[in-house]
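Visitor: Let me begin by handing over the structure; questions about it come next.
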Amino acid sequence: MISRIFWTVSLFLLLSQTSEAQQLKDFTKYVNPFIGTGSIDSLSLSGSNFPGAAYPFGLVQLSPDTDAAPENPCSGYDYADTSIVGFSHTHLSGTGVADLFDFLFMPYTGDIRWNADLTDNGNPGYSSGFSHSKETASPGYYSVVLNDYGIEAELTATAHCGMHRYSTAGKEPIHLMIDLDHSLDKKRPYWSCRIIDAQLRVIDDHTIEGYRHITGWANSRKVYFRAEFSRPFSSQVMKAGNRVYPDGIIANHTNLKMTATFDNNSNEPLIIKVGLSSVSYEGARANLAAEISGFDFDLEVSKVKKAWNKELSMIDIEGDEKQKTIFYTALYHTCIQPNNIADVNGDYININGEKCNAADGKHYSTFSLWDTYRAAHPLYTIIQPERTAGFINSMLRQYNDYGYLPVWQLWGKETNCMIGNHAIPVIVDAYLKGIPGVDYKTAYEAVKGSSVNPHEGSPFQLLEKYQYFPEDIQSQSVSIGLEMAFNDFCVAQMARLTGNAKDADYFMKRAGYFKNYFDPETGFFRGLDSKGNWLEPFSPVRYGGNGDYAFTEGNAWQYLWYVPQDVPAFIELMGGMQKFTEKLDTFFTLAAKPDDVNGNASGFIGQYAHGNEPSHHIAYLYNFTDEPWKAQYYAAKVMKEQYSAEPSGYSGNEDCGQMSAWYIFSSMGFYPVNPANGIYSFGSPQLKNAVIKLGNDKSFEIITHNSSVENIYIQKIILNGLPYNKTYILHKDIVKGGKIEFFMDKKPGKKMADYEKPPMIIQ
């Protein structure tokens, strides 16, 4: 009996230690926030990421800005730069358009200086040189030595707050610049930026508050802050425009700054905690009081590290150090945005400028949907199902308030950037996968309403009249038409499964309109005018940007493959399997010439451009052919050539997690060609082992036998102990838990030609 008790207790202790060890595993050590921030020479493309402190899906991204008027990179930080202007509290991660940069703080010593006091490189006089050798970053933490002043600046963040710690060995007073005019480039000709109004209020010698009303990419948004200091400032001076105000004056202006001076007569660092709110001063105060009780900087660093480890532990991988660094940095990047812009009490400002309340305390914004619907949102359905429901409920609020679902929503405002209505596949995908926490009756109303009520970039009346978008009436016509055909397919599936048969028939018919853009003579989708004539001249390698051409951020080669909803029908349209495969081969081998390429294209393998999203699914189309090993070849090639652990580690804008999500899926061996049908096509698994945590003590394990750089081809697959002869796996097979094993080799597994090809619709 004693022996049995002994072994029972021993087993309990062993299991407890194992569980504790798993909880204590530090995934953050593999994250390198400098990946995607630039390159040494500023010539290599990167991800437009920032290296500063952020909380998972939080309101604050406290990070250095290396440009007084950021525009490119859009994150405000360029790894090639050598000086820092200051530390602002909000940033975008990997976008192609700049915005935010709210409330720049910058410590300095010496004489008081303002923006007009320029350095030799044209930056404000309070800016400082820095060296990467004295700069570090990890999830939720950033530090740098400001060489001009001998000040070590450290940053950390909570969900709604930022925290600064400034340390110096000198006895000089520290001046703190607080700049409410710092923003993206105000000379930008599109989505022009200006400060509508700003305010600074000195509450006491430990506390200041402020707000600004600013327009830019996100039109007419307000941001509030409350800053509390660990020690009093001895003096302060405000400057509004060219006028300097004496101590104690509350200033309102469109160009407002303040310098507070702190006597440095002790060895204690200056610590500042800053609460932000998108709603009100009261919100900023409440957010700060709720999240940071004192001035223990190290405590807040440990708390944000714990929060990041929780998110990063969703997938536990084995691989070499480089793979782990790229993988966990990618996973980190997928968890920066969307952002919860609601206060701790759930208050938020809706798209109409009205104060509302989210009962669950979450209202998400920053939806880069043209990018993230492809892989980031499908990834969230696996590792973030609860947050997926929160994303969708936030999207539905825009529909209820505004009449259509988000296109590219930022800080609660609709920018109408990019094309398509890609909140639709996000919602339909969640519905098909059974993600709980969403009123899907209301969701269907929103999906349908956003597909029939014309709005900017979505002139559905033209589809009714022409059954295509005429380029002389609607620019970017082919790209819009193809992407909306996919959206219509999604609406049709949800209509079918919710018993709306008439709607299902209508949207399936409209989903087939992609065929109307296909020119059998050239073998490409092409633009037509309102008289039904093909646009001339035509070149499949000519690029479009965001207007004045039939293709959006791509060319006819890249958009040729955008029929993810019905690949078999597209193969038939192309003239059969052989012609489809031959054209796909040409796509990956026809060199892109410099004269044909614009700034939206990068990361080339033939005409494939991994640096922009329209190409992301194309390698996996080989699974629909009799040569699925080519999907493995090109997926492996992209991972090897387009991702690295260096600052220039992405081949294009990271786009709020999409570039990262592609790598996460692909390194595990599968990818959603159609991001709204719960089917993942196989590629080339790169990781020795990966365990996806699913909750309720369930997990899905991916084991790659004979994994190596050379062994990129699948020879056989075993799922839950049984042979698996398909080129895809279903979402439902992953989330119920289990184990899949891939056996790899240097040579293509020719038997895979007989494996079952992916279906189009899952019942």
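Identifiers in this document derive from the order of the structure tokens: chains are assigned A, B, ..., residues are numbered from 1 separately in each chain, and ligands are numbered from 1 in order of occurrence.
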Could you name the residues that touch Phe87 in chain A at 10 Å or less, counting only C-alpha atoms, but leaving out those on the same chain fewer than 3 positions away, as a ChimeraX atom specification?
Guide: /A:52,61-66,76,84,90,101-107,153,155,164,178-179
Visitor: Create the file for the chosen residues now, containing C-alpha atoms and written as an mmCIF file, in the first residue's frame.
Guide:
data_model
loop_
_atom_site.group_PDB
_atom_site.id
_atom_site.type_symbol
_atom_site.label_atom_id
_atom_site.label_comp_id
_atom_site.auth_asym_id
_atom_site.auth_seq_id
_atom_site.Cartn_x
_atom_site.Cartn_y
_atom_site.Cartn_z
ATOM 1 C CA GLY A 52 9.689 48.238 -30.230
ATOM 2 C CA GLN A 61 3.183 49.734 -29.858
ATOM 3 C CA LEU A 62 5.934 51.794 -28.201
ATOM 4 C CA SER A 63 8.840 51.961 -30.615
ATOM 5 C CA PRO A 64 11.628 54.211 -31.897
ATOM 6 C CA ASP A 65 11.145 56.397 -34.947
ATOM 7 C CA THR A 66 14.215 57.064 -37.070
ATOM 8 C CA GLY A 76 8.762 54.601 -38.803
ATOM 9 C CA ILE A 84 16.556 58.166 -33.456
ATOM 10 C CA THR A 90 1.459 53.637 -31.762
ATOM 11 C CA PHE A 101 3.052 57.602 -34.539
ATOM 12 C CA ASP A 102 1.118 59.087 -31.624
ATOM 13 C CA PHE A 103 2.809 61.061 -28.834
ATOM 14 C CA LEU A 104 6.547 61.093 -29.410
ATOM 15 C CA PHE A 105 8.669 61.170 -26.228
ATOM 16 C CA MET A 106 12.429 61.817 -26.413
ATOM 17 C CA PRO A 107 14.895 62.331 -23.546
ATOM 18 C CA ALA A 153 16.242 54.216 -23.062
ATOM 19 C CA LEU A 155 10.561 50.566 -23.317
ATOM 20 C CA HIS A 164 9.728 54.206 -20.397
ATOM 21 C CA ILE A 178 6.765 65.509 -25.788
ATOM 22 C CA ASP A 179 5.768 66.150 -29.384
#
Visitor: Report as an MDAnalysis selection string: the residues of range 535-740 of chain A with a DSSP assignment of helix (DSSP H, G or I), based on the backbone of this structure.
Guide: chainID A and resid 556:559 567:573 577:589 594:596 613:615 618:624 629:642 658:668 731:735
Visitor: Need the shell around Cys161 in chain A: protein/DNA/RNA residues with any atom at most 7 Å away, counting only C-alpha atoms. Skip same-chain ones fewer than 5 positions apart. Format as a list in words?
Guide: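 Near neighbours after the sequence-gap exclusion: Val60, Val274, Gly275, Leu276 and Leu288 of chain A.
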Visitor: For CA of Pro628 in chain A and CA of Trp662 in chain A, determine how far apart the two atoms are, in Å to one decimal place.
Guide: 18.6 Å
Visitor: Can you pull out every residue within 8 Å of Gly150 in chain A, counting only C-alpha atoms, but drop anything in the same chain fewer than 3 positions away, and send it as a list in words?
Guide: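 With the cut-off at 8 Å, the set is Val145, Leu146, Asn147, Thr168, Ala169 and Gly170 of chain A.
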Visitor: Could you find all residues in range 574-758 of chain A that DSSP calls strand (DSSP E or B) from the backbone, and write them as an NGL selection string?
Guide: :A and (604-605 or 608-609 or 643 or 650 or 670-671 or 679-682 or 689-695 or 698-705 or 713-719 or 722-723 or 726 or 728-730 or 738-745 or 756)
Visitor: Can you write out the residues you just picked, keeping C-alpha atoms, as a PDB file, in the first residue's frame?
Guide:
ATOM      1  CA  PHE A 604      10.586  36.828 -57.615  1.00  0.00           C
ATOM      2  CA  ILE A 605      10.725  33.225 -58.740  1.00  0.00           C
ATOM      3  CA  TYR A 608       5.841  34.520 -58.938  1.00  0.00           C
ATOM      4  CA  ALA A 609       6.289  37.520 -56.597  1.00  0.00           C
ATOM      5  CA  TYR A 643      12.746  34.333 -45.490  1.00  0.00           C
ATOM      6  CA  TYR A 650      10.952  39.440 -45.585  1.00  0.00           C
ATOM      7  CA  PHE A 670       0.241  22.829 -45.548  1.00  0.00           C
ATOM      8  CA  TYR A 671      -1.537  25.985 -46.726  1.00  0.00           C
ATOM      9  CA  ILE A 679      -8.981  22.542 -46.765  1.00  0.00           C
ATOM     10  CA  TYR A 680      -5.203  22.818 -46.486  1.00  0.00           C
ATOM     11  CA  SER A 681      -2.998  21.698 -49.378  1.00  0.00           C
ATOM     12  CA  PHE A 682       0.311  19.999 -48.675  1.00  0.00           C
ATOM     13  CA  ASN A 689       8.312  18.451 -35.199  1.00  0.00           C
ATOM     14  CA  ALA A 690       5.456  20.854 -34.513  1.00  0.00           C
ATOM     15  CA  VAL A 691       2.696  20.532 -31.931  1.00  0.00           C
ATOM     16  CA  ILE A 692      -0.354  22.794 -32.307  1.00  0.00           C
ATOM     17  CA  LYS A 693      -2.112  23.342 -28.957  1.00  0.00           C
ATOM     18  CA  LEU A 694      -5.863  23.175 -29.478  1.00  0.00           C
ATOM     19  CA  GLY A 695      -7.209  23.597 -25.954  1.00  0.00           C
ATOM     20  CA  LYS A 698      -5.950  18.354 -27.325  1.00  0.00           C
ATOM     21  CA  SER A 699      -3.128  18.877 -29.765  1.00  0.00           C
ATOM     22  CA  PHE A 700      -2.213  18.132 -33.341  1.00  0.00           C
ATOM     23  CA  GLU A 701       1.325  16.951 -33.952  1.00  0.00           C
ATOM     24  CA  ILE A 702       3.271  17.162 -37.199  1.00  0.00           C
ATOM     25  CA  ILE A 703       6.312  14.897 -37.455  1.00  0.00           C
ATOM     26  CA  THR A 704       8.699  15.161 -40.383  1.00  0.00           C
ATOM     27  CA  HIS A 705      10.940  12.127 -40.814  1.00  0.00           C
ATOM     28  CA  TYR A 713       9.819  15.905 -51.192  1.00  0.00           C
ATOM     29  CA  ILE A 714       7.089  13.880 -49.496  1.00  0.00           C
ATOM     30  CA  GLN A 715       7.330  10.114 -50.071  1.00  0.00           C
ATOM     31  CA  LYS A 716       4.421   8.976 -47.929  1.00  0.00           C
ATOM     32  CA  ILE A 717       2.060  10.291 -45.272  1.00  0.00           C
ATOM     33  CA  ILE A 718       0.596   8.642 -42.183  1.00  0.00           C
ATOM     34  CA  LEU A 719      -2.351  10.192 -40.331  1.00  0.00           C
ATOM     35  CA  LEU A 722      -2.898   4.909 -40.983  1.00  0.00           C
ATOM     36  CA  PRO A 723      -1.635   5.505 -44.551  1.00  0.00           C
ATOM     37  CA  LYS A 726      -4.350  12.698 -50.184  1.00  0.00           C
ATOM     38  CA  TYR A 728      -4.534  17.863 -48.477  1.00  0.00           C
ATOM     39  CA  ILE A 729      -5.836  17.729 -44.929  1.00  0.00           C
ATOM     40  CA  LEU A 730      -9.120  19.044 -43.541  1.00  0.00           C
ATOM     41  CA  GLY A 738      -4.038  13.664 -33.646  1.00  0.00           C
ATOM     42  CA  LYS A 739      -0.777  13.177 -35.452  1.00  0.00           C
ATOM     43  CA  ILE A 740       0.373  13.379 -39.033  1.00  0.00           C
ATOM     44  CA  GLU A 741       3.740  12.061 -40.208  1.00  0.00           C
ATOM     45  CA  PHE A 742       5.565  13.053 -43.372  1.00  0.00           C
ATOM     46  CA  PHE A 743       8.382  10.909 -44.749  1.00  0.00           C
ATOM     47  CA  MET A 744      10.793  12.957 -46.838  1.00  0.00           C
ATOM     48  CA  ASP A 745      13.508  12.370 -49.435  1.00  0.00           C
ATOM     49  CA  GLU A 756      -6.449  12.335 -54.056  1.00  0.00           C
TER      50      GLU A 756
END
Visitor: Excluding same-chain residues fewer than 2 positions from Cys490 in chain A, what lies within 8 Å of it counting only C-alpha atoms, as a ChimeraX atom specification?
Guide: /A:424-425,428,486-488,492-494,676
Visitor: Excluding Ala260 in chain A and any residue of its chain fewer than 6 positions from it, enumerate the residues within 7 Å of it, using only C-alpha atoms, and give them as number ranges by chain.
Guide: A: 175-177, 233, 235-237
Visitor: For C-alpha atoms, I'd like the residues from the last selection saved as a PDB file, in the first residue's frame.
Guide:
ATOM      1  CA  HIS A 175      14.891  67.165 -20.719  1.00  0.00           C
ATOM      2  CA  LEU A 176      11.917  65.258 -22.075  1.00  0.00           C
ATOM      3  CA  MET A 177      10.464  66.326 -25.418  1.00  0.00           C
ATOM      4  CA  PHE A 233       9.844  67.785 -13.150  1.00  0.00           C
ATOM      5  CA  SER A 235      10.228  73.081 -14.886  1.00  0.00           C
ATOM      6  CA  GLN A 236       8.388  72.809 -18.147  1.00  0.00           C
ATOM      7  CA  VAL A 237       7.833  74.900 -21.214  1.00  0.00           C
TER       8      VAL A 237
END
Visitor: Calculated over only C-alpha atoms, which of the candidates A:His91, A:Arg285, A:Lys630, A:Lys239 has the smallest distance to Asp585 in chain A?
Guide: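 That would be A:Lys630, the residue with the smallest distance to Asp585 in chain A.
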Visitor: Between CA of Val407 in chain A and CA of Ala661 in chain A, what is the distance in Å, rounded to a tenth?
Guide: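 Going from CA of Val407 in chain A over to CA of Ala661 in chain A, I get 19.7 Å.
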Visitor: Considering only C-alpha atoms, can you say which of A:Ile35, A:Ile435, A:Asn242, A:Thr156 comes closest to Gly652 in chain A?
Guide: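 Residue with the minimum atom-to-atom distance to Gly652 in chain A: A:Ile35.
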Visitor: Which residues are close to Ala330 in chain A, i.e. within 10 Å by only C-alpha atoms, leaving aside same-chain residues fewer than 5 positions away? Reply as a PyMOL selection string.
Guide: chain A and resi 31-33+35-36+312+324-325+335+654+657-664
Visitor: From the list A:Pro70, A:Gly499, A:Pro269, A:Pro470, which residue is nearest Glu154 in chain A when using only C-alpha atoms?
Guide: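 Looking at the shortest contact to Glu154 in chain A, the residue is A:Pro269.
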